[in-house]
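Q: Below is one structure. I have some questions about it.
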Amino acid sequence: GLPWLEWGQRQAVLFDLGARRFYILGLVLYPQDFIYLTGILVISALSLFLFTAVAGRLWCGYACPQTVYTEIFLWIEKKMEGDRSARMRRDEAPMSFDKFWRKGGKHLLWLAVALWTGFTFVGYFTPIQVLGQEVLNASMGSWEVFWSLFYGFATYGNAGFMREQVCKHMCPYARFQSAMFDKDTLIVTYDTERGEPRGKRSKKADPAALNLGACVDCSLCVQVCPTGIDIRNGLQYECIGCGACADVCDTVMDKVGYPRGLVRYTTENAMAQH
């Protein structure tokens, strides 16, 4: 939505390469002012390191476009095809009209969102209202068409199909995050003392009598994890800190009548010192 914001009589954020002017809110930067843009990027990088050291992977879990678009695509998928178990049953079933229109509709909606992101991406470099008129008049330039389609299909592929593979194998952030973590960094943590030994039991059963911890071993924390890890095995570099496992675990704790927080945001020092 950022390209649609206006500042005075112009677009609030616009990198006009043709006119060699960068508009950032009230700032107008020329090529000779590149040092200021460099300063902004350096401050942004240092801020990312600071936020990571204090509160973990906030960027990955809540602000990264890969995470945001994947969440949007997952929401569309759930609305069109149902929850995970319903999708698995439908995938195993033979082709039918219901299966065809649900899956086809899902991909059409994915493509619509993806192409919209490609359009807005180009809107950072071509005034987006002008670009909108060009789309309506079918008069977009070749480079505008190329980048709209390129970014759109990259979003479609990354958020629709690759998903956690981008975070695990393509993004460098996970590889050096451990250098920015310490024992006071806020991370998603499984309370081993309270949860182990894990095991299934009825809702009315007394876990103490069965010599079981609070974890009912439902595996929902693994199912909802965008990178497919088991947080019960400890912090892993694939964890993006989104807290999906903590949310779903709290719902399970509510159902069985146990206190929340078996999986929660906390620090290593807080866990060690109770």
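Starting from 1 in every chain, residues are counted up; chains themselves are A, B, ... following the order of the structure tokens, and ligands are numbered from 1 as listed.
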So which bits of stretch 111-270 of chain A end up helix (DSSP H, G or I) when you DSSP the backbone, as a PDB file with C-alpha atoms, in the first residue's frame?
A:
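Output saved as part_2.pdb:
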ATOM      1  CA  LEU A 111      -2.090 -15.205  -9.155  1.00  0.00           C
ATOM      2  CA  ALA A 112      -4.231 -12.113  -8.597  1.00  0.00           C
ATOM      3  CA  VAL A 113      -2.429 -11.273  -5.332  1.00  0.00           C
ATOM      4  CA  ALA A 114       0.966 -12.043  -6.893  1.00  0.00           C
ATOM      5  CA  LEU A 115       0.369  -9.845  -9.956  1.00  0.00           C
ATOM      6  CA  TRP A 116      -0.867  -7.072  -7.694  1.00  0.00           C
ATOM      7  CA  THR A 117       2.403  -7.220  -5.763  1.00  0.00           C
ATOM      8  CA  GLY A 118       4.314  -7.061  -9.041  1.00  0.00           C
ATOM      9  CA  PHE A 119       2.288  -4.028 -10.087  1.00  0.00           C
ATOM     10  CA  THR A 120       2.894  -2.217  -6.794  1.00  0.00           C
ATOM     11  CA  PHE A 121       6.613  -3.099  -6.904  1.00  0.00           C
ATOM     12  CA  VAL A 122       6.948  -1.297 -10.235  1.00  0.00           C
ATOM     13  CA  ILE A 128       1.666   4.316  -9.575  1.00  0.00           C
ATOM     14  CA  GLN A 129      -1.285   6.387 -10.792  1.00  0.00           C
ATOM     15  CA  VAL A 130       0.448   6.804 -14.149  1.00  0.00           C
ATOM     16  CA  LEU A 131       1.199   3.091 -14.140  1.00  0.00           C
ATOM     17  CA  GLY A 132      -2.449   2.324 -13.424  1.00  0.00           C
ATOM     18  CA  GLN A 133      -3.523   4.369 -16.447  1.00  0.00           C
ATOM     19  CA  GLU A 134      -0.941   2.534 -18.577  1.00  0.00           C
ATOM     20  CA  VAL A 135      -2.388  -0.806 -17.458  1.00  0.00           C
ATOM     21  CA  LEU A 136      -5.920   0.303 -18.325  1.00  0.00           C
ATOM     22  CA  SER A 142       8.450  -3.426 -21.893  1.00  0.00           C
ATOM     23  CA  TRP A 143      10.540  -3.107 -18.729  1.00  0.00           C
ATOM     24  CA  GLU A 144       7.454  -2.306 -16.672  1.00  0.00           C
ATOM     25  CA  VAL A 145       5.721  -5.415 -18.017  1.00  0.00           C
ATOM     26  CA  PHE A 146       8.824  -7.539 -17.405  1.00  0.00           C
ATOM     27  CA  TRP A 147       9.314  -6.493 -13.776  1.00  0.00           C
ATOM     28  CA  SER A 148       5.605  -6.693 -12.962  1.00  0.00           C
ATOM     29  CA  LEU A 149       5.470 -10.272 -14.242  1.00  0.00           C
ATOM     30  CA  PHE A 150       8.869 -11.216 -12.807  1.00  0.00           C
ATOM     31  CA  TYR A 151       8.079 -10.012  -9.299  1.00  0.00           C
ATOM     32  CA  GLY A 152       4.506 -11.310  -9.508  1.00  0.00           C
ATOM     33  CA  PHE A 153       5.522 -14.837 -10.472  1.00  0.00           C
ATOM     34  CA  ALA A 154       8.381 -14.766  -7.946  1.00  0.00           C
ATOM     35  CA  THR A 155       5.786 -14.025  -5.250  1.00  0.00           C
ATOM     36  CA  TYR A 156       3.494 -16.751  -6.640  1.00  0.00           C
ATOM     37  CA  GLY A 157       6.295 -19.315  -6.566  1.00  0.00           C
ATOM     38  CA  ASN A 158       7.906 -18.307  -3.267  1.00  0.00           C
ATOM     39  CA  ALA A 159       4.736 -17.853  -1.202  1.00  0.00           C
ATOM     40  CA  GLY A 160       2.618 -20.498  -2.904  1.00  0.00           C
ATOM     41  CA  PHE A 161       5.063 -23.368  -3.340  1.00  0.00           C
ATOM     42  CA  MET A 162       8.572 -22.834  -1.945  1.00  0.00           C
ATOM     43  CA  GLU A 164       9.832 -22.383   4.091  1.00  0.00           C
ATOM     44  CA  GLN A 165      12.480 -23.506   1.588  1.00  0.00           C
ATOM     45  CA  VAL A 166      13.222 -19.824   0.936  1.00  0.00           C
ATOM     46  CA  CYS A 167      13.843 -19.238   4.649  1.00  0.00           C
ATOM     47  CA  LYS A 168      15.884 -22.411   5.112  1.00  0.00           C
ATOM     48  CA  HIS A 169      18.039 -22.443   1.983  1.00  0.00           C
ATOM     49  CA  MET A 170      17.941 -19.048   0.230  1.00  0.00           C
ATOM     50  CA  TYR A 173      19.728 -14.167   7.717  1.00  0.00           C
ATOM     51  CA  ALA A 174      19.218 -17.531   9.428  1.00  0.00           C
ATOM     52  CA  ARG A 175      22.869 -18.414   8.943  1.00  0.00           C
ATOM     53  CA  PHE A 176      24.293 -15.499  10.901  1.00  0.00           C
ATOM     54  CA  GLN A 177      21.514 -14.950  13.432  1.00  0.00           C
ATOM     55  CA  SER A 178      23.307 -17.081  16.034  1.00  0.00           C
ATOM     56  CA  ALA A 179      26.107 -14.505  16.101  1.00  0.00           C
ATOM     57  CA  MET A 180      23.549 -11.935  17.314  1.00  0.00           C
ATOM     58  CA  THR A 192      11.123 -28.909  28.831  1.00  0.00           C
ATOM     59  CA  GLU A 193      10.799 -29.176  32.607  1.00  0.00           C
ATOM     60  CA  ARG A 194       7.061 -28.739  32.450  1.00  0.00           C
ATOM     61  CA  GLY A 195       6.381 -30.593  29.215  1.00  0.00           C
ATOM     62  CA  LEU A 220       0.269 -29.466  16.117  1.00  0.00           C
ATOM     63  CA  CYS A 221       3.282 -27.269  16.869  1.00  0.00           C
ATOM     64  CA  VAL A 222       5.132 -29.064  14.071  1.00  0.00           C
ATOM     65  CA  GLN A 223       2.169 -28.932  11.682  1.00  0.00           C
ATOM     66  CA  VAL A 224       1.720 -25.143  11.950  1.00  0.00           C
ATOM     67  CA  ILE A 231      10.421 -26.559  18.677  1.00  0.00           C
ATOM     68  CA  ARG A 232      10.440 -29.221  21.396  1.00  0.00           C
ATOM     69  CA  ASN A 233      13.915 -30.208  20.205  1.00  0.00           C
ATOM     70  CA  ALA A 244       2.670 -19.992  15.482  1.00  0.00           C
ATOM     71  CA  CYS A 245       3.660 -22.973  17.643  1.00  0.00           C
ATOM     72  CA  ALA A 246       3.047 -20.976  20.828  1.00  0.00           C
ATOM     73  CA  ASP A 247      -0.412 -19.922  19.607  1.00  0.00           C
ATOM     74  CA  VAL A 248      -1.559 -23.412  18.684  1.00  0.00           C
ATOM     75  CA  CYS A 249      -0.082 -24.915  21.874  1.00  0.00           C
ATOM     76  CA  ASP A 250      -2.051 -22.429  23.968  1.00  0.00           C
ATOM     77  CA  THR A 251      -5.278 -23.570  22.291  1.00  0.00           C
ATOM     78  CA  VAL A 252      -4.423 -27.192  23.150  1.00  0.00           C
ATOM     79  CA  MET A 253      -3.619 -26.257  26.756  1.00  0.00           C
ATOM     80  CA  ASP A 254      -7.000 -24.524  26.977  1.00  0.00           C
ATOM     81  CA  LYS A 255      -8.773 -27.663  25.726  1.00  0.00           C
ATOM     82  CA  VAL A 256      -7.107 -30.015  28.214  1.00  0.00           C
ATOM     83  CA  GLU A 268      17.456 -18.774  28.090  1.00  0.00           C
ATOM     84  CA  ASN A 269      18.307 -16.989  31.336  1.00  0.00           C
ATOM     85  CA  ALA A 270      14.636 -16.718  32.307  1.00  0.00           C
TER      86      ALA A 270
END
Q: Set the distance at 7 Å and use only C-alpha atoms: which residues neighbour stretch 50-61 of chain A once local chain neighbours fewer than 4 positions away are removed? I'd like the list as a ChimeraX atom specification.
A: /A:46,67,180-181,185-187,240-242
Q: Between A:Pro127, A:His107, A:Arg90, A:Gly243, which is the closest to A:Leu2 once you count only C-alpha atoms?
A: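 Nearest candidate to A:Leu2 out of A:Pro127, A:His107, A:Arg90, A:Gly243: A:Pro127.
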Q: Could you tell me which of A:Val263, A:Leu74, A:Leu212, A:Val42 comes closest to A:Arg87 if we count only C-alpha atoms?
A: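 Going through A:Val263, A:Leu74, A:Leu212, A:Val42 one by one, the smallest distance to A:Arg87 is for A:Leu74.
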Q: Which residue gives the smallest distance to A:Gln273 among A:Lys183, A:Gly213, A:Arg163, A:Trp110, with only C-alpha atoms counted?
A: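 Comparing A:Lys183, A:Gly213, A:Arg163, A:Trp110 against A:Gln273, the winner is A:Lys183.
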Q: If you run DSSP over the backbone, which residues in stretch 141-264 of chain A end up strand (DSSP E or B)? Put them as a list in words.
A: Ile187, Val188, Thr189, Tyr190, Val263 and Arg264 of chain A
Q: For the interface of stretch 64-171 of chain A with stretch 11-20 of chain A (cut-off 8 Å, counting only C-alpha atoms), please tabulate each contacting residue of stretch 64-171 of chain A alongside its nearest pair of atoms and their separation in Å to one decimal, rows sorted by chain and increasing number, as CSV.
A:
residue,atom,partner,partner_atom,distance
A:Gly123,CA,A:Leu14,CA,7.7
A:Tyr124,CA,A:Leu14,CA,5.0
A:Phe125,CA,A:Phe15,CA,4.8
A:Thr126,CA,A:Asp16,CA,6.5
A:Pro127,CA,A:Gln11,CA,6.9
Q: I need the residues from that last selection saved to file as a PDB file, in the first residue's frame (with C-alpha atoms), if you can.
A:
ATOM      1  CA  GLY A 123       4.924   1.521  -8.650  1.00  0.00           C
ATOM      2  CA  TYR A 124       7.986   2.429  -6.578  1.00  0.00           C
ATOM      3  CA  PHE A 125       9.814   3.365  -9.798  1.00  0.00           C
ATOM      4  CA  THR A 126       6.988   4.601 -12.026  1.00  0.00           C
ATOM      5  CA  PRO A 127       4.319   6.847 -10.436  1.00  0.00           C
TER       6      PRO A 127
END
Q: Pick the closest to A:Asp184 from A:Ala138, A:Ala63, A:Met271, A:Ile76: which is it, counting only C-alpha atoms?
A: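 The closest residue to A:Asp184 is A:Met271.
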